[in-house]
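First the structure, in the form of C-alpha cells, and then the observations on it.
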Amino acid sequence: MNPLVCVAIAVGALVLGLVVGAWLARRRADATPVGVAPSPGPPMADLLQRVFRSADEGLVVLNRGGEVVLHNARAVELGVVRLGRPDSRAAAVCQQVLETGASIAVDLSPVDHRGRQPAAVLAHVRPLGDGFTMVEAGDTSDAVRLEATRRDFVANVSHELKTPVGAVGLLAEAVLDCADDPVEVRRFGTKILNEATRLGNLVTELIALSRLTGAERLPEMGVVDVDEVVREALARSRLSAESAHIEIIVDSPTGLEVEGDLTLLVTALSNLVENAIAYSPPEASVSVSRRLAGEWVEIAVTDRGIGIAPEHQKRVFERFFRVDPARSRATGGTGLGLAIVKHVLANHGGEVRLWSSPGTGSTFTMRLPAHAEPDDESGADSAGSAPADLVRRPELPDRVG
C-alpha cells in the first residue's frame with residue numbers, strides 16, 4: 001500500500017476519534033444539571049469503617065500496650081471485648097504475635113456458659129504492623145456441638161455393634177465345643193440366630209436413620225390414607241404382639257388423609273407399636289387410635305406399661321437412649337426406634353408428643369398436617385391432657401393379637 005495512503009487513513013482515524021470524543025463529552029456535560037457537581041461517593045475510610053462494623057466476625061484492633069483501639073459490636077457479643085477492655089487471653093496472645101510476627105489461633109470460649117452467650121469462640125490474632133494487632137473471632141458453637149454429637153454417635157454405634165458381634169463369636173465357639181450334643185447345639189444355634197437378627201435390625205435402622213437425617217434425598221410426598229398406615233403397621237407388629245401375649249385394640253377407620261410417604265409413616269407407627277409391646281407386661285393391651293384435631297391428624301399409641309419418669313421423657317427420642325436397657329436388650333430393641341419416629345415426623349412437617357406416668361403407662365402421639373378435612377369434626381380434646389383411655393379404656397370394635 002502507498003505510504004501516503006496509510007498516513008491519510010491514520011490522520012482520518014485520529015480526526016474521527018477526536019470528533020466522537022468531543023461529542024460524547026458534550027452529551028455527558030448536557031446530562032449533568034447546571035450547578036450540581038457529580039457526587040464523588042463516600043471516602044474509602046468511611047467504606048472500610050462500614051465493612052468493619054457490619055462483619056459477622058468479632059473484630060478488635062489492639063495497640064502495643066494491649067488497649068482496644070477499634071472494635072465492632074459483634075466482638076462485644078462474643079465476649080472478646082468487655083467494658084472496653086480485651087479478653088485477657090486475647091491480649092496475651094497479641095503480645096506473642098507482636099514478638100513472633102506470626103498469626104496465632106486462640107480459644108476464647110466463655111469459662112462459664114450462660115444464657116445467650118456462645119458456647120465456643122475461636123479467634124485468630126494477626127499482626128498489622130507498627131505495633132498493632134487484630135483479633136478476628138467467630139462463634140463455633142454449632143460446629144463444636146455437631147462434632148460432639150458425631151463423636152457420641154460413633155461411640156454408641158461401635159458399642160452397639162460390638163455387643164452382638166461378640167456374642168455371635170462366643171456362641172459359635174460354644175457350638176464347636178459341644179458339637180456332639182444336639183440339644184446344646186440347638187440351644188446355642190437359637191441364640192446365634194437371635195443375635196444375628198438383632199444385628200441385622202440394628203444395621204437396617206442405622207441405614208433408615210441415615211436416610212432421614214439427610215444422607216439421601218427423601219421420596220416425593222403424596223396423599224396417604226391414614227387407615228392404610230394403621231393396617232400395615234399393625235400387620236408388621238402382629239407376630240410380636242402374639243409372642244408377648246399382648247392384645248392390640250384399634251379404633252374404627254376414619255377416612256383421614258395426610259401428605260407424606262406411606263412407607264416412612266408405616267415404619268414410624270410400627271416402631272411406636274413395637275415399643276409399646278416391648279414395655280407392656282404380659283396379658284396387657286395396647287391401644288391405637290386416630291382422630292382429627294383441628295388441622296392435624298393424630299395417631300396415638302397407648303400402653304399400660306412401666307411408664308417413663310419425667311426426667312427421661314425429653315431424652316427418649318435420642319439415639320440409643322433406653323429407659324430400661326436390660327428390658328430393651330432382652331426384647332431385641334436397638335434404641336433407634338423412637339429417634340426414627342422423631343425424624344420421620346419432622347420430615348413430614350409434624351411432630352411426636354409423649355404423655356407418660358410411671359406405673360400407669362405411656363401415650364405416643366404422631367401429629368401430621370391433615371390433607372383434607374372430613375365432614376365429621378369429632379374429637380378435639382386438648383393435646384396436653386392425659387389420654388382418656390388410660391383412665392377408662394373404651395370398648396373398641398377391632399382387635400388384633
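Starting from 1 in every chain, residues are counted up; chains themselves are A, B, ... following the order of the C-alpha cells, and ligands are numbered from 1 as listed.
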Note to self: Need the shell around stretch 221-234 of chain A: protein/DNA/RNA residues with any atom at most 10 Å away, counting only C-alpha atoms. Skip same-chain ones fewer than 6 positions apart. Format as a ChimeraX atom specification?
What the structure shows: /A:240-241,248,250-274,288-291,297-299,348,370-372,400-401
Margin query: Report, in Å with one decimal, the straight-line distance from atom CA of A:Phe317 to atom CA of A:Asn194.
Written below: 25.2 Å
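Nearest residue to A:Pro86 among A:Leu70, A:Ile308, A:Ala172, A:Leu146 is A:Leu70, counting only C-alpha atoms.
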Notebook entry, point to check: Which residue, A:Asp87, A:Ser356, A:Phe364, A:Ala196, has the smallest gap to A:Val301 when you use only C-alpha atoms?
Noted result: A:Phe364
Next item on the list: Name the residues in contact with A:Leu199 at a cut-off of 8 Å, using only C-alpha atoms, excluding same-chain residues fewer than 3 positions from it; report them as number ranges by chain.
Entry: A: 161, 164-165, 195-196, 202-203
Margin query: Taking only stretch 257-369 of chain A into account, list the residues labelled helix (DSSP H, G or I) by DSSP (computed from the backbone), as number ranges by chain.
Written below: A: 262-278, 310-313, 325-330, 337-347
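Atom pair atom CA of A:Leu108 / atom CA of A:Ser54 has a distance of 21.0 Å (rounded to one decimal).
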Produce a table with one row for each residue of stretch 42-64 of chain A that has an atom at most 10 Å from any atom of stretch 121-127 of chain A, each row naming the nearest atom pair and its distance in Å at one decimal; use only C-alpha atoms; arrange rows by chain and rising residue number; format as a tab-separated table.
residue	atom	partner	partner_atom	distance
A:Glu57	CA	A:Ala123	CA	9.2
A:Gly58	CA	A:Ala123	CA	8.6
A:Leu59	CA	A:Ala123	CA	9.4
A:Val60	CA	A:Val125	CA	9.4
A:Val61	CA	A:Val125	CA	9.6
A:Leu62	CA	A:Pro127	CA	9.8
Output of the above residues as a compact mmCIF listing (two decimals), in the first residue's frame, restricted to C-alpha atoms:
# COMPACT_ATOMS: atom_id res chain seq x y z
CA GLU A 57 -16.99 -11.95 62.95
CA GLY A 58 -15.91 -10.08 66.04
CA LEU A 59 -13.08 -7.72 65.06
CA VAL A 60 -10.81 -5.95 67.55
CA VAL A 61 -7.68 -3.87 66.92
CA LEU A 62 -5.21 -3.55 69.81
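For the pair atom CA of A:Pro281 and atom CA of A:Ser362, the interatomic distance is 13.0 Å.
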Check: Out of stretch 29-275 of chain A, which residues get strand (DSSP E or B) from DSSP, as an MDAnalysis selection string?
Finding: chainID A and resid 58:62 68:71 81:82 85:86 104:107 121:129 132:139 222:225 247:250 257:260
Could you save the residues just selected, with C-alpha atoms, as a tab-separated table (two decimals), in the first residue's frame?
chain	number	residue	atom	x	y	z
A	58	GLY	CA	-15.91	-10.08	66.04
A	59	LEU	CA	-13.08	-7.72	65.06
A	60	VAL	CA	-10.81	-5.95	67.55
A	61	VAL	CA	-7.68	-3.87	66.92
A	62	LEU	CA	-5.21	-3.55	69.81
A	68	VAL	CA	-8.55	-1.57	72.40
A	69	VAL	CA	-8.23	0.92	69.56
A	70	LEU	CA	-11.17	-0.21	67.45
A	71	HIS	CA	-13.84	-2.92	67.74
A	81	VAL	CA	-14.31	-7.07	74.50
A	82	ARG	CA	-15.93	-6.35	77.86
A	85	ARG	CA	-11.14	-3.99	77.68
A	86	PRO	CA	-9.99	-7.05	75.70
A	104	ILE	CA	-1.86	-17.48	66.27
A	105	ALA	CA	-5.21	-19.16	66.91
A	106	VAL	CA	-6.67	-18.91	70.43
A	107	ASP	CA	-9.73	-20.41	72.10
A	121	VAL	CA	-15.47	-18.96	70.36
A	122	LEU	CA	-12.35	-19.41	68.23
A	123	ALA	CA	-10.19	-16.41	67.35
A	124	HIS	CA	-7.20	-15.72	65.10
A	125	VAL	CA	-4.74	-12.97	66.07
A	126	ARG	CA	-2.77	-11.34	63.23
A	127	PRO	CA	-0.10	-8.61	63.20
A	128	LEU	CA	-0.99	-5.35	61.42
A	129	GLY	CA	2.41	-3.73	61.71
A	132	PHE	CA	-0.94	-3.07	66.12
A	133	THR	CA	-2.67	-6.46	66.12
A	134	MET	CA	-6.13	-7.59	65.07
A	135	VAL	CA	-8.28	-10.27	66.76
A	136	GLU	CA	-10.81	-11.96	64.45
A	137	ALA	CA	-13.25	-14.12	66.47
A	138	GLY	CA	-16.13	-16.36	65.34
A	139	ASP	CA	-18.88	-18.35	67.05
A	222	GLY	CA	-48.26	-37.89	48.16
A	223	VAL	CA	-51.72	-38.31	49.63
A	224	VAL	CA	-51.66	-41.14	52.19
A	225	ASP	CA	-54.66	-42.91	53.70
A	247	GLU	CA	-53.80	-57.57	72.80
A	248	ILE	CA	-53.87	-54.62	70.38
A	249	ILE	CA	-57.10	-52.60	70.45
A	250	VAL	CA	-57.68	-50.37	67.43
A	257	GLU	CA	-55.68	-38.43	54.78
A	258	VAL	CA	-52.29	-36.75	55.15
A	259	GLU	CA	-49.46	-35.64	52.86
A	260	GLY	CA	-46.49	-37.95	53.15
